[in-house]
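This is work-v2.cif (mmCIF, C-alpha atoms).
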data_run
#
loop_
_atom_site.label_atom_id
_atom_site.label_comp_id
_atom_site.auth_asym_id
_atom_site.auth_seq_id
_atom_site.Cartn_x
_atom_site.Cartn_y
_atom_site.Cartn_z
CA MET A 1 14.38 4.49 28.02
CA ARG A 2 13.42 1.69 25.64
CA ARG A 3 11.55 2.77 22.53
CA VAL A 4 10.37 0.16 20.02
CA TRP A 5 9.82 0.81 16.33
CA ASN A 6 6.12 1.57 16.64
CA MET A 7 4.23 0.98 13.38
CA SER A 8 0.76 0.69 14.91
CA ALA A 9 -2.17 1.98 12.89
CA GLY A 10 -3.55 3.99 15.80
CA PRO A 11 -3.17 4.97 18.51
CA ALA A 12 0.19 5.41 16.93
CA ALA A 13 3.71 6.65 17.52
CA LEU A 14 4.42 10.13 18.80
CA PRO A 15 7.67 11.92 17.93
CA THR A 16 10.25 11.09 20.60
CA GLU A 17 10.95 14.82 21.01
CA VAL A 18 7.31 15.37 21.88
CA VAL A 19 7.20 12.43 24.30
CA LEU A 20 10.19 13.84 26.18
CA GLU A 21 8.65 17.32 26.22
CA ILE A 22 5.45 15.91 27.72
CA GLN A 23 7.51 14.04 30.30
CA ARG A 24 9.34 17.22 31.34
CA GLU A 25 6.17 19.30 31.59
CA PHE A 26 3.82 16.68 33.01
CA PRO A 27 4.08 17.56 36.72
CA ASP A 28 4.65 21.30 36.31
CA TRP A 29 3.68 23.08 33.13
CA ARG A 30 5.86 26.18 32.71
CA GLY A 31 6.21 26.86 36.42
CA ILE A 32 2.52 27.05 37.35
CA GLY A 33 2.88 24.22 39.86
CA ALA A 34 0.43 21.86 38.11
CA GLY A 35 0.18 19.87 34.91
CA ILE A 36 -1.74 21.36 31.98
CA MET A 37 -4.33 18.55 32.28
CA GLU A 38 -5.09 19.72 35.84
CA VAL A 39 -6.03 23.32 35.11
CA SER A 40 -9.33 24.92 34.09
CA HIS A 41 -10.08 24.88 30.39
CA ARG A 42 -11.28 28.49 30.79
CA GLY A 43 -8.15 29.68 32.57
CA LYS A 44 -5.34 31.73 31.08
CA ALA A 45 -2.89 28.82 30.85
CA PHE A 46 -5.06 26.53 28.76
CA SER A 47 -6.53 29.38 26.72
CA GLY A 48 -3.02 30.08 25.49
CA VAL A 49 -2.50 26.40 24.63
CA ILE A 50 -5.63 26.03 22.50
CA GLU A 51 -5.16 29.38 20.78
CA ALA A 52 -1.58 28.50 19.84
CA ALA A 53 -2.61 25.04 18.63
CA ARG A 54 -5.35 26.49 16.43
CA ALA A 55 -2.99 29.14 15.01
CA ASP A 56 -0.27 26.58 14.25
CA LEU A 57 -2.75 24.24 12.56
CA ARG A 58 -4.04 27.11 10.44
CA GLU A 59 -0.46 27.91 9.42
CA LEU A 60 0.46 24.30 8.61
CA LEU A 61 -2.60 23.69 6.43
CA ASP A 62 -2.97 27.30 5.21
CA ILE A 63 -6.57 27.35 6.46
CA PRO A 64 -8.45 30.47 5.35
CA GLU A 65 -10.26 32.58 7.92
CA SER A 66 -13.49 31.62 6.18
CA TYR A 67 -13.18 28.17 7.80
CA ALA A 68 -13.84 27.32 11.45
CA VAL A 69 -11.35 25.05 13.23
CA LEU A 70 -13.02 22.92 15.89
CA PHE A 71 -11.44 20.75 18.59
CA LEU A 72 -14.07 18.13 19.39
CA GLN A 73 -14.49 14.74 21.05
CA GLY A 74 -16.01 11.45 19.95
CA GLY A 75 -13.48 10.31 17.36
CA ALA A 76 -13.92 10.26 13.60
CA SER A 77 -16.65 7.63 13.99
CA LEU A 78 -18.92 10.19 15.63
CA GLN A 79 -18.41 12.37 12.56
CA PHE A 80 -20.01 9.63 10.45
CA ALA A 81 -23.28 10.73 12.10
CA GLN A 82 -22.45 14.34 12.93
CA VAL A 83 -21.71 15.27 9.31
CA PRO A 84 -25.17 14.35 7.96
CA MET A 85 -26.83 15.87 11.04
CA ASN A 86 -25.18 19.18 10.21
CA LEU A 87 -24.98 19.22 6.42
CA ALA A 88 -27.68 17.04 4.87
CA GLU A 89 -30.64 19.46 5.14
CA GLY A 90 -33.00 16.58 4.35
CA LYS A 91 -31.34 15.97 0.97
CA SER A 92 -29.44 12.92 -0.24
CA ALA A 93 -25.66 12.78 0.12
CA ASP A 94 -23.19 10.95 -2.12
CA TYR A 95 -20.53 8.62 -0.71
CA LEU A 96 -17.39 7.52 -2.54
CA ILE A 97 -16.53 4.12 -1.09
CA THR A 98 -12.90 3.05 -1.39
CA GLY A 99 -12.46 0.89 1.72
CA ALA A 100 -13.76 -0.06 5.13
CA TRP A 101 -13.92 3.41 6.69
CA SER A 102 -15.77 5.14 3.88
CA GLN A 103 -18.12 2.15 3.88
CA LYS A 104 -18.78 2.62 7.61
CA ALA A 105 -19.38 6.35 7.12
CA TYR A 106 -21.91 5.60 4.39
CA GLY A 107 -23.72 3.03 6.52
CA GLU A 108 -24.10 5.50 9.39
CA ALA A 109 -25.39 8.25 7.11
CA ALA A 110 -27.95 5.86 5.63
CA ARG A 111 -29.25 5.10 9.12
CA LEU A 112 -30.01 8.79 9.57
CA GLY A 113 -31.55 9.66 6.24
CA LYS A 114 -30.75 9.76 2.54
CA ALA A 115 -27.34 8.66 1.29
CA ARG A 116 -26.20 7.08 -1.91
CA VAL A 117 -23.04 5.51 -3.29
CA ALA A 118 -21.39 7.51 -6.02
CA ARG A 119 -20.33 4.62 -8.17
CA ALA A 120 -19.32 3.76 -11.68
CA ASP A 121 -22.21 1.34 -12.28
CA GLU A 122 -25.90 1.23 -11.46
CA PRO A 123 -26.42 1.73 -7.72
CA THR A 124 -28.23 -0.86 -5.67
CA PRO A 125 -30.67 0.39 -3.01
CA PHE A 126 -29.36 0.40 0.50
CA SER A 127 -30.89 -2.49 2.45
CA GLY A 128 -29.97 -1.37 5.94
CA THR A 129 -31.94 0.50 8.59
CA GLY A 130 -31.97 3.99 7.10
CA LYS A 131 -35.24 5.87 7.39
CA SER A 132 -35.57 6.32 3.64
CA GLY A 133 -33.61 3.40 2.23
CA LEU A 134 -32.30 5.82 -0.43
CA ALA A 135 -28.60 5.29 0.14
CA ARG A 136 -26.13 4.82 -2.66
CA VAL A 137 -22.35 4.26 -2.90
CA ALA A 138 -19.67 5.57 -5.27
CA ARG A 139 -17.13 2.82 -4.77
CA ALA A 140 -14.17 1.06 -6.20
CA ASP A 141 -14.34 -2.66 -6.92
CA GLU A 142 -13.98 -4.97 -3.94
CA PRO A 143 -11.64 -5.76 -2.33
CA PHE A 144 -10.70 -2.09 -2.52
CA THR A 145 -7.46 -2.15 -4.47
CA ARG A 146 -7.92 0.93 -6.66
CA LEU A 147 -9.86 4.16 -7.08
CA PRO A 148 -12.82 4.40 -9.46
CA GLY A 149 -12.43 6.50 -12.57
CA ILE A 150 -13.77 9.99 -11.91
CA ASP A 151 -15.41 10.34 -15.31
CA ALA A 152 -17.36 7.12 -14.76
CA LEU A 153 -18.77 8.13 -11.38
CA GLN A 154 -22.48 8.80 -11.16
CA LEU A 155 -22.75 11.94 -9.02
CA ASP A 156 -25.91 13.67 -7.92
CA PRO A 157 -25.58 17.38 -8.82
CA GLU A 158 -28.16 18.17 -6.12
CA ALA A 159 -26.42 16.16 -3.36
CA ALA A 160 -25.98 17.84 0.01
CA TYR A 161 -22.31 16.84 -0.07
CA LEU A 162 -19.92 14.23 -1.46
CA HIS A 163 -18.10 12.25 1.24
CA LEU A 164 -14.80 10.42 0.81
CA CYS A 165 -12.05 8.91 2.94
CA GLY A 166 -8.72 10.36 1.83
CA ASN A 167 -6.72 7.40 3.09
CA GLU A 168 -8.12 3.97 3.89
CA THR A 169 -6.16 2.75 6.90
CA ILE A 170 -7.18 -0.90 6.55
CA HIS A 171 -6.99 -1.43 2.80
CA GLY A 172 -4.09 0.93 2.07
CA VAL A 173 -5.74 3.03 -0.67
CA GLU A 174 -4.93 6.77 -0.70
CA ILE A 175 -6.47 9.57 -2.77
CA ASP A 176 -3.84 12.01 -4.03
CA GLU A 177 -4.27 15.72 -4.63
CA THR A 178 -4.60 15.37 -8.40
CA TYR A 179 -7.59 13.05 -7.99
CA ILE A 180 -9.10 15.40 -5.38
CA ALA A 181 -8.75 18.39 -7.72
CA ARG A 182 -10.49 16.52 -10.55
CA LEU A 183 -13.19 15.26 -8.19
CA ALA A 184 -13.82 18.77 -6.86
CA ASP A 185 -14.21 20.04 -10.44
CA ARG A 186 -16.56 17.18 -11.31
CA ALA A 187 -18.68 17.69 -8.17
CA ALA A 188 -18.99 21.39 -9.03
CA SER A 189 -21.13 23.09 -6.37
CA VAL A 190 -21.46 19.99 -4.16
CA PRO A 191 -19.21 20.40 -1.07
CA LEU A 192 -16.52 17.75 -0.60
CA VAL A 193 -16.35 16.19 2.87
CA SER A 194 -13.29 14.12 3.74
CA ASP A 195 -12.29 11.80 6.56
CA MET A 196 -8.57 12.62 6.82
CA SER A 197 -7.86 10.74 10.04
CA SER A 198 -4.88 8.77 8.78
CA HIS A 199 -3.17 11.15 6.38
CA ILE A 200 -3.84 14.68 7.63
CA LEU A 201 -0.61 16.68 8.01
CA SER A 202 1.36 14.09 6.02
CA ARG A 203 1.53 16.26 2.88
CA PRO A 204 0.38 19.68 1.68
CA MET A 205 -3.30 19.82 0.71
CA ASP A 206 -5.64 22.55 -0.45
CA VAL A 207 -8.28 23.02 2.24
CA ARG A 208 -10.22 25.30 -0.13
CA ARG A 209 -11.28 22.28 -2.20
CA TYR A 210 -13.32 20.99 0.73
CA GLY A 211 -16.48 22.07 2.47
CA LEU A 212 -15.51 20.09 5.56
CA LEU A 213 -12.74 17.78 6.65
CA TYR A 214 -12.31 15.86 9.88
CA ALA A 215 -9.68 13.71 11.53
CA GLY A 216 -9.23 11.68 14.66
CA ALA A 217 -6.01 12.71 16.36
CA GLN A 218 -4.43 9.38 17.23
CA LYS A 219 -2.46 8.82 14.04
CA ASN A 220 -0.71 11.99 12.82
CA ILE A 221 -1.96 14.64 15.26
CA GLY A 222 -1.41 13.28 18.75
CA ILE A 223 -3.31 11.04 21.14
CA ALA A 224 -6.80 9.55 21.19
CA GLY A 225 -9.61 11.72 22.53
CA LEU A 226 -9.42 14.67 20.13
CA THR A 227 -11.13 15.12 16.76
CA ILE A 228 -10.31 18.01 14.45
CA VAL A 229 -13.10 19.43 12.28
CA ILE A 230 -12.37 22.14 9.70
CA VAL A 231 -15.57 23.47 8.17
CA ARG A 232 -16.40 26.29 5.75
CA ALA A 233 -18.31 28.98 7.60
CA ASP A 234 -21.30 29.09 5.26
CA LEU A 235 -21.99 25.39 5.92
CA LEU A 236 -22.47 26.09 9.62
CA GLU A 237 -25.96 27.32 8.83
CA ARG A 238 -27.14 23.94 7.56
CA ALA A 239 -27.51 22.18 10.92
CA ALA A 240 -30.77 20.28 11.30
CA PRO A 241 -33.15 21.90 13.80
CA GLY A 242 -33.36 20.06 17.07
CA ILE A 243 -30.00 18.28 17.00
CA PRO A 244 -28.23 18.36 20.38
CA ALA A 245 -26.16 21.51 20.83
CA ILE A 246 -23.08 19.43 21.59
CA LEU A 247 -23.33 17.98 18.03
CA ASP A 248 -24.06 21.31 16.33
CA TYR A 249 -20.98 22.66 14.54
CA ARG A 250 -22.40 26.18 14.67
CA ALA A 251 -22.80 26.02 18.46
CA GLN A 252 -19.30 24.62 18.84
CA ALA A 253 -17.81 27.33 16.62
CA ALA A 254 -19.67 30.06 18.51
CA ASN A 255 -18.19 28.75 21.76
CA ASP A 256 -14.62 28.25 20.48
CA SER A 257 -14.94 24.46 20.94
CA MET A 258 -15.72 24.99 24.64
CA LEU A 259 -19.42 24.30 24.75
CA ASN A 260 -18.38 21.72 27.34
CA THR A 261 -14.96 20.78 28.73
CA PRO A 262 -12.77 19.96 25.72
CA PRO A 263 -10.13 17.18 25.74
CA THR A 264 -7.50 19.48 27.23
CA PHE A 265 -4.56 17.10 27.44
CA ALA A 266 -5.10 15.82 23.90
CA ILE A 267 -5.21 19.41 22.61
CA TYR A 268 -1.99 20.19 24.48
CA VAL A 269 -0.26 17.17 22.88
CA ALA A 270 -1.57 18.15 19.44
CA GLY A 271 -0.13 21.62 19.92
CA LEU A 272 3.30 20.12 20.65
CA VAL A 273 3.07 17.96 17.52
CA PHE A 274 2.13 20.98 15.40
CA LYS A 275 5.24 22.82 16.59
CA TRP A 276 7.33 19.68 15.92
CA LEU A 277 5.98 19.57 12.37
CA LYS A 278 6.95 23.17 11.82
CA ARG A 279 10.50 22.30 12.94
CA GLN A 280 10.57 19.54 10.29
CA GLY A 281 10.03 22.09 7.55
CA GLY A 282 6.25 22.05 7.62
CA LEU A 283 4.20 19.81 5.37
CA ASP A 284 6.61 20.15 2.45
CA GLY A 285 9.34 18.72 4.65
CA VAL A 286 7.32 15.84 6.07
CA GLU A 287 5.94 14.93 2.63
CA LYS A 288 9.47 14.48 1.32
CA THR A 289 10.32 12.18 4.21
CA ASN A 290 7.05 10.26 3.96
CA ARG A 291 7.52 9.70 0.25
CA ALA A 292 11.02 8.35 0.83
CA LYS A 293 9.84 5.98 3.57
CA ALA A 294 6.96 4.57 1.55
CA ASP A 295 8.96 4.25 -1.66
CA ARG A 296 11.66 2.25 0.12
CA LEU A 297 9.19 -0.13 1.76
CA TYR A 298 7.15 -0.72 -1.40
CA ALA A 299 10.37 -1.38 -3.32
CA ALA A 300 11.36 -4.00 -0.75
CA ILE A 301 7.96 -5.66 -1.16
CA ASP A 302 7.96 -5.53 -4.97
CA GLU A 303 11.54 -6.82 -5.22
CA SER A 304 11.01 -9.83 -2.92
CA ASP A 305 10.24 -12.28 -5.76
CA GLY A 306 6.67 -12.68 -4.56
CA PHE A 307 7.50 -13.52 -0.94
CA TYR A 308 5.85 -10.24 0.09
CA THR A 309 2.87 -8.96 -1.91
CA ASN A 310 0.86 -5.74 -1.86
CA HIS A 311 -2.37 -5.91 -3.86
CA VAL A 312 -3.15 -2.19 -4.23
CA ASP A 313 -2.80 -0.56 -7.63
CA PRO A 314 0.58 1.25 -7.46
CA ALA A 315 -1.12 4.51 -8.49
CA CYS A 316 -3.35 4.33 -5.39
CA ARG A 317 -0.94 3.02 -2.77
CA SER A 318 -1.05 4.70 0.62
CA ARG A 319 2.08 6.32 1.97
CA MET A 320 0.73 6.02 5.49
CA ASN A 321 -0.52 2.43 5.73
CA VAL A 322 1.24 -0.36 3.82
CA PRO A 323 -0.61 -3.69 3.96
CA PHE A 324 1.11 -6.79 2.60
CA ASN A 325 0.92 -10.56 2.68
CA LEU A 326 3.29 -13.48 2.97
CA PRO A 327 2.78 -16.84 1.21
CA THR A 328 0.66 -18.34 4.03
CA PRO A 329 -1.27 -17.15 7.12
CA GLU A 330 0.97 -19.36 9.24
CA LEU A 331 4.05 -17.57 7.95
CA GLU A 332 2.38 -14.22 8.62
CA GLY A 333 1.84 -15.26 12.24
CA GLU A 334 5.48 -16.21 12.55
CA PHE A 335 6.46 -12.87 10.98
CA VAL A 336 4.47 -10.97 13.62
CA ARG A 337 5.97 -12.99 16.49
CA ALA A 338 9.51 -12.58 15.18
CA SER A 339 9.05 -8.86 14.52
CA GLU A 340 7.90 -8.26 18.09
CA ALA A 341 10.95 -10.10 19.41
CA ALA A 342 13.10 -7.91 17.15
CA GLY A 343 11.71 -4.67 18.60
CA PHE A 344 8.78 -3.81 16.32
CA MET A 345 5.22 -3.02 17.41
CA GLY A 346 1.89 -3.05 15.59
CA LEU A 347 2.67 -4.96 12.39
CA LYS A 348 -0.25 -7.38 12.59
CA GLY A 349 -2.86 -6.58 9.94
CA HIS A 350 -6.39 -5.50 10.77
CA LYS A 351 -8.58 -8.36 11.99
CA SER A 352 -10.96 -7.92 9.04
CA VAL A 353 -8.32 -8.57 6.38
CA GLY A 354 -5.39 -10.25 8.16
CA GLY A 355 -1.89 -10.11 6.77
CA ILE A 356 0.69 -7.52 7.79
CA ARG A 357 0.37 -3.74 7.93
CA ALA A 358 3.12 -1.21 8.51
CA SER A 359 1.87 2.29 9.35
CA LEU A 360 4.40 4.95 8.41
CA TYR A 361 2.93 8.05 10.04
CA ASN A 362 4.95 11.23 10.42
CA ALA A 363 6.46 10.16 13.75
CA VAL A 364 7.95 6.95 12.31
CA PRO A 365 11.54 7.86 11.40
CA GLU A 366 13.35 6.74 8.26
CA GLU A 367 15.64 4.67 10.48
CA GLY A 368 12.65 2.64 11.62
CA VAL A 369 11.65 1.86 8.04
CA GLU A 370 15.20 0.86 7.18
CA ALA A 371 15.22 -1.43 10.24
CA LEU A 372 11.95 -3.00 9.08
CA ILE A 373 13.30 -3.60 5.58
CA ALA A 374 16.41 -5.24 7.02
CA PHE A 375 14.23 -7.48 9.20
CA MET A 376 12.04 -8.38 6.20
CA THR A 377 15.12 -9.29 4.16
CA ASP A 378 16.48 -11.55 6.89
CA PHE A 379 13.08 -13.17 7.45
CA ARG A 380 12.67 -13.90 3.74
CA GLN A 381 16.14 -15.41 3.49
CA GLU A 382 15.35 -17.68 6.41
CA HIS A 383 11.86 -18.78 5.29
CA ALA A 384 11.73 -18.60 1.49
CA ASN A 385 11.59 -21.99 -0.25
#
Reformat the file's structure so that it appears as structure tokens.
Amino acid sequence: MRRVWNMSAGPAALPTEVVLEIQREFPDWRGIGAGIMEVSHRGKAFSGVIEAARADLRELLDIPESYAVLFLQGGASLQFAQVPMNLAEGKSADYLITGAWSQKAYGEAARLGKARVARADEPTPFSGTGKSGLARVARADEPFTRLPGIDALQLDPEAAYLHLCGNETIHGVEIDETYIARLADRAASVPLVSDMSSHILSRPMDVRRYGLLYAGAQKNIGIAGLTIVIVRADLLERAAPGIPAILDYRAQAANDSMLNTPPTFAIYVAGLVFKWLKRQGGLDGVEKTNRAKADRLYAAIDESDGFYTNHVDPACRSRMNVPFNLPTPELEGEFVRASEAAGFMGLKGHKSVGGIRASLYNAVPEEGVEALIAFMTDFRQEHAN
């Protein structure tokens, strides 16, 4: 079996152990004579799968019983609309904008009602298609290379919630737990809502600081098709009257995420990944590995005499997504072509920003990062002036 060094931003690498386990169980899950994706979601076999997955996720993240854990569909992008539908209650919501994904979330919320940017300077009215036009953004300076100072943010103490993206996959800006703790204190009674799609399960985090968090599965959880939503129980009562039941968190919680047929195979894969994470020493163990991987790669970039450059403030650099540039776009194209020939996948930067991006999710082993650094060293020696 040939396995490349997969550094795609998502869908992303799965642990090889998990891939092989899926392969073994695919035609016959635990002797039932059928694959788990072929059985009823209401049958005993799958009920055990989803219950175990939920229990393991609760253990990994230390999720209190006062929070509902939902297994939904639609990706994180659906949550950009589903969150305001369920939490806004006709009030304005604040959005901290630190990159492309928090910007997209803000734009979708503004289409539905009142949203505003929690920012360190005077907000400008939203000019999009929102019903009220009262959207505002709390954002870092373009082109998203650092986080705004918390004390300088203009937050609405009456906001329905404060939304943020914990890790910006495209721009490579990550919000650490110290910043989150200070932000939660500053926001006081306003619930924090976080898009955690690209860094969930990569480090320990205190769920209790959030009112709601959500994550698409295809980066650190498993495969595309599943979205995790973790929501404080008291917030379930905020849903706007008349929203479709399928989009109502309260209805989904009351039906154990089975209001309709859930993404059964994606939940099964997530459950295998959760058990794999526990075997790695839980989130303390994976954080140690992730820190080592990122530190090594950033050191290789910073010590390249300017051949490779990362523009993010070192205090805000993502451990999951490392964007960098070479001296010219032409050289970046050659880097991508040569890396693919050398056995790497997914290093081309996002189309909106170009450059190179290495995604170092949990399933990317330290050996893969060392191989990338060796390739980068050889490429620089060959092409540096």
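The shortest atom-to-atom distance to A:Asn260, with only C-alpha atoms taken into account, belongs to A:Leu247 out of A:Leu247, A:Gln381, A:Met7, A:Val364.
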Can you turn the PyMOL selection byres ((chain A and resi 179) around 12) into a concrete residue list for this file, as a ChimeraX atom specification? /A:147-151,164,166,174-178,180-186,205,209,315-316
Selection from above, C-alpha atoms, as an mmCIF file, in the coordinates of the input, can you write it?
data_model
loop_
_atom_site.group_PDB
_atom_site.id
_atom_site.type_symbol
_atom_site.label_atom_id
_atom_site.label_comp_id
_atom_site.auth_asym_id
_atom_site.auth_seq_id
_atom_site.Cartn_x
_atom_site.Cartn_y
_atom_site.Cartn_z
ATOM 1 C CA LEU A 147 -9.860 4.160 -7.080
ATOM 2 C CA PRO A 148 -12.820 4.400 -9.460
ATOM 3 C CA GLY A 149 -12.430 6.500 -12.570
ATOM 4 C CA ILE A 150 -13.770 9.990 -11.910
ATOM 5 C CA ASP A 151 -15.410 10.340 -15.310
ATOM 6 C CA LEU A 164 -14.800 10.420 0.810
ATOM 7 C CA GLY A 166 -8.720 10.360 1.830
ATOM 8 C CA GLU A 174 -4.930 6.770 -0.700
ATOM 9 C CA ILE A 175 -6.470 9.570 -2.770
ATOM 10 C CA ASP A 176 -3.840 12.010 -4.030
ATOM 11 C CA GLU A 177 -4.270 15.720 -4.630
ATOM 12 C CA THR A 178 -4.600 15.370 -8.400
ATOM 13 C CA ILE A 180 -9.100 15.400 -5.380
ATOM 14 C CA ALA A 181 -8.750 18.390 -7.720
ATOM 15 C CA ARG A 182 -10.490 16.520 -10.550
ATOM 16 C CA LEU A 183 -13.190 15.260 -8.190
ATOM 17 C CA ALA A 184 -13.820 18.770 -6.860
ATOM 18 C CA ASP A 185 -14.210 20.040 -10.440
ATOM 19 C CA ARG A 186 -16.560 17.180 -11.310
ATOM 20 C CA MET A 205 -3.300 19.820 0.710
ATOM 21 C CA ARG A 209 -11.280 22.280 -2.200
ATOM 22 C CA ALA A 315 -1.120 4.510 -8.490
ATOM 23 C CA CYS A 316 -3.350 4.330 -5.390
#
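Of the residues under consideration (A:Phe46, A:Val83, A:Ala12, A:Glu59), A:Phe46 shows the shortest atom-to-atom contact distance to A:Ala34 when counting all atoms listed in the file.
What the PyMOL selection byres ((chain A and resi 41) around 12) matches in the given file is Ile36, Met37, Glu38, Val39, Ser40, Arg42, Gly43, Lys44, Ala45, Phe46, Ser47, Gly48, Val49, Ile50, Glu51, Asp256, Ser257, Met258, Leu259, Asn260, Thr261, Pro262, Pro263, Thr264, Phe265, Ile267 and Tyr268 of chain A.
The smallest atom-to-atom distance between A:Gly368 and any of A:Arg3, A:Lys351, A:Glu108, A:Tyr298, using only C-alpha atoms, is found for A:Arg3.
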Using all atoms listed in the file, which residue out of A:Leu112, A:Leu20, A:Ile97, A:Ala253 lies closest to A:Ser194? A:Ile97
Given the choices A:Met345, A:Met376, A:Leu277, A:Val4, which gets closest to A:Leu297 if the distance is worked out from only C-alpha atoms? A:Met376
